[in-house]
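Report on one structure; see the data block that follows.
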Amino acid sequence: MTYKIARDGQEFGPYSLADVQRYVSTGNILLTDLALAEGSTEWIPVSQVMGSIPVTPVAPSPYVAAGIPQFPDPPNLHWALVLVLSIVTCGLFSVIWDLVQVLWLKKVQPDTKALNWMYIYLGLWVLNMLFSFGRVGLAASHQMNSNAFLAMSGVSGLVSLATLAIMIVYRFSMRSSLEQHFNTVDPVGLQLGPIMTFFFGGLYFQYHLNRINEIKQAYRYGQQQMR
């Protein structure tokens, strides 16, 4: 079951019960906030949702305790828009947005290796595109014999496989760094599934980054209301 959370007229979510429990622990969701269960029409206090479920307090990071945002917010373009733009541009926007994500990650998690893998992936991706366009152009102009064409196709295939392999390494390196950051210095209890990471990569990451931005905005709004 999932829950929507409301505070001062703003709605956030939906979140699973485990998400609500983690966010209550970190102070991002308050027990006085209102919750609407999936399939229900009645808003109830989060404290009633939690009931007897134990909440283990998570020590806030120093910047949260001081009310000072230490880290820049994640990229916040909606994941559905990222998907549409990627389809319209035949995947080009997806590559660009992956780079935007990892450049942000480098700022908040300087020891990440994801940026290095991303640069390698970009180089192979460009090389793969050049091979593909070159092969199509030469085939259309009939300036290459069959043996040379097969050889070029073989090299292009190897580059494509290398591109795919590095893309997978990059995605899992990104996953590791995101989980490390959002479970230590900026704790929101982020857990990223390996299957979704493998198949959807940056689109899957953006879905979670959008949710994290919602939590951060709700927290800041709550802090402003308490001043």
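Letters A, B, ... mark the chains of the structure tokens in the order given; residue numbers begin at 1 per chain; ligand numbers begin at 1, in order shown.
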
task: Assign secondary structure with DSSP using the backbone only, and return the residues of range 147-217 of chain A in helix (DSSP H, G or I) as a PyMOL selection string.
output: chain A and resi 147-181+194-217

query: Within 6 Å of range 73-78 of chain A, counting only C-alpha atoms, which residues qualify if same-chain residues fewer than 2 places away don't, as a VMD selection string?
result: chain A and resid 80 to 81 210

task: Name the closest residue to Gln217 in chain A among the candidates A:Gly91, A:Leu34, A:Met118, A:Asn28; distances are taken between atoms, counting only C-alpha atoms.
output: A:Asn28

task: For CA of Pro72 in chain A and CA of Pro187 in chain A, quote the distance in Å rounded to one decimal.
output: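 These two atoms are separated by 14.4 Å.
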
statement: The residue from A:Leu192, A:Phe133, A:Leu36, A:Thr112 with the smallest atom-to-atom distance to Gly13 in chain A, counting only C-alpha atoms, is A:Leu36

query: So, counting only C-alpha atoms, which residue among A:Leu105, A:Val126, A:Met1, A:Ala162 is closest to Glu179 in chain A?
result: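 Closest to Glu179 in chain A of all the choices is A:Leu105.
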
query: Using only C-alpha atoms, which of A:Asn183, A:Val82, A:Leu178, A:Leu30 sits nearest Val108 in chain A?
result: A:Leu178

query: Near Tyr15 in chain A, counting only C-alpha atoms, which residues have an atom at most 8 Å away, once you skip same-chain residues fewer than 4 positions from it, shown as an MDAnalysis selection string?
result: chainID A and resid 2:4 19:20

Preceding selection exported with N, CA and C atoms as a PDB file, in the first residue's frame:
ATOM      1  N   THR A   2       0.400   2.251  -0.709  1.00  0.00           N
ATOM      2  CA  THR A   2       1.139   3.514  -0.765  1.00  0.00           C
ATOM      3  C   THR A   2       0.324   4.624  -0.096  1.00  0.00           C
ATOM      4  N   TYR A   3       1.031   5.710   0.243  1.00  0.00           N
ATOM      5  CA  TYR A   3       0.400   6.827   0.934  1.00  0.00           C
ATOM      6  C   TYR A   3       0.833   8.138   0.286  1.00  0.00           C
ATOM      7  N   LYS A   4      -0.104   9.070   0.197  1.00  0.00           N
ATOM      8  CA  LYS A   4       0.220  10.452  -0.138  1.00  0.00           C
ATOM      9  C   LYS A   4       0.339  11.234   1.162  1.00  0.00           C
ATOM     10  N   ASP A  19       8.928   3.742   3.003  1.00  0.00           N
ATOM     11  CA  ASP A  19       9.418   5.094   2.720  1.00  0.00           C
ATOM     12  C   ASP A  19       8.961   6.063   3.805  1.00  0.00           C
ATOM     13  N   VAL A  20       7.679   5.973   4.168  1.00  0.00           N
ATOM     14  CA  VAL A  20       7.146   6.863   5.207  1.00  0.00           C
ATOM     15  C   VAL A  20       7.904   6.676   6.503  1.00  0.00           C
TER      16      VAL A  20
END

- request: Determine the nearest neighbour of Gln10 in chain A from the options A:Val84, A:Glu214, A:Leu124, A:Asp186, counting only C-alpha atoms.
  value: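 Using only C-alpha atoms, the shortest distance to Gln10 in chain A belongs to A:Glu214.
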
field: Counting only C-alpha atoms, the option among A:Gly201, A:Pro110, A:Met196, A:Trp43 closest to Gln180 in chain A
entry: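 That would be A:Pro110, the residue with the smallest distance to Gln180 in chain A.
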
field: Contacts of Trp125 in chain A at 9 Å (only C-alpha atoms; same-chain gap of 2+ positions) as a ChimeraX atom specification
entry: /A:120-123,127-130,159-160,163-164

Produce a file of the selected residues containing C-alpha atoms, as an mmCIF file, in the first residue's frame.
data_model
loop_
_atom_site.group_PDB
_atom_site.id
_atom_site.type_symbol
_atom_site.label_atom_id
_atom_site.label_comp_id
_atom_site.auth_asym_id
_atom_site.auth_seq_id
_atom_site.Cartn_x
_atom_site.Cartn_y
_atom_site.Cartn_z
ATOM 1 C CA ILE A 120 34.588 6.410 -21.396
ATOM 2 C CA TYR A 121 31.001 5.596 -22.330
ATOM 3 C CA LEU A 122 30.584 8.938 -24.129
ATOM 4 C CA GLY A 123 33.735 8.338 -26.159
ATOM 5 C CA LEU A 127 32.707 6.281 -31.948
ATOM 6 C CA ASN A 128 29.828 3.860 -32.348
ATOM 7 C CA MET A 129 27.699 6.567 -33.992
ATOM 8 C CA LEU A 130 30.525 7.425 -36.411
ATOM 9 C CA VAL A 159 32.515 -1.105 -30.448
ATOM 10 C CA SER A 160 28.784 -1.517 -29.844
ATOM 11 C CA THR A 163 29.669 0.655 -25.416
ATOM 12 C CA LEU A 164 26.975 -1.532 -23.866
#
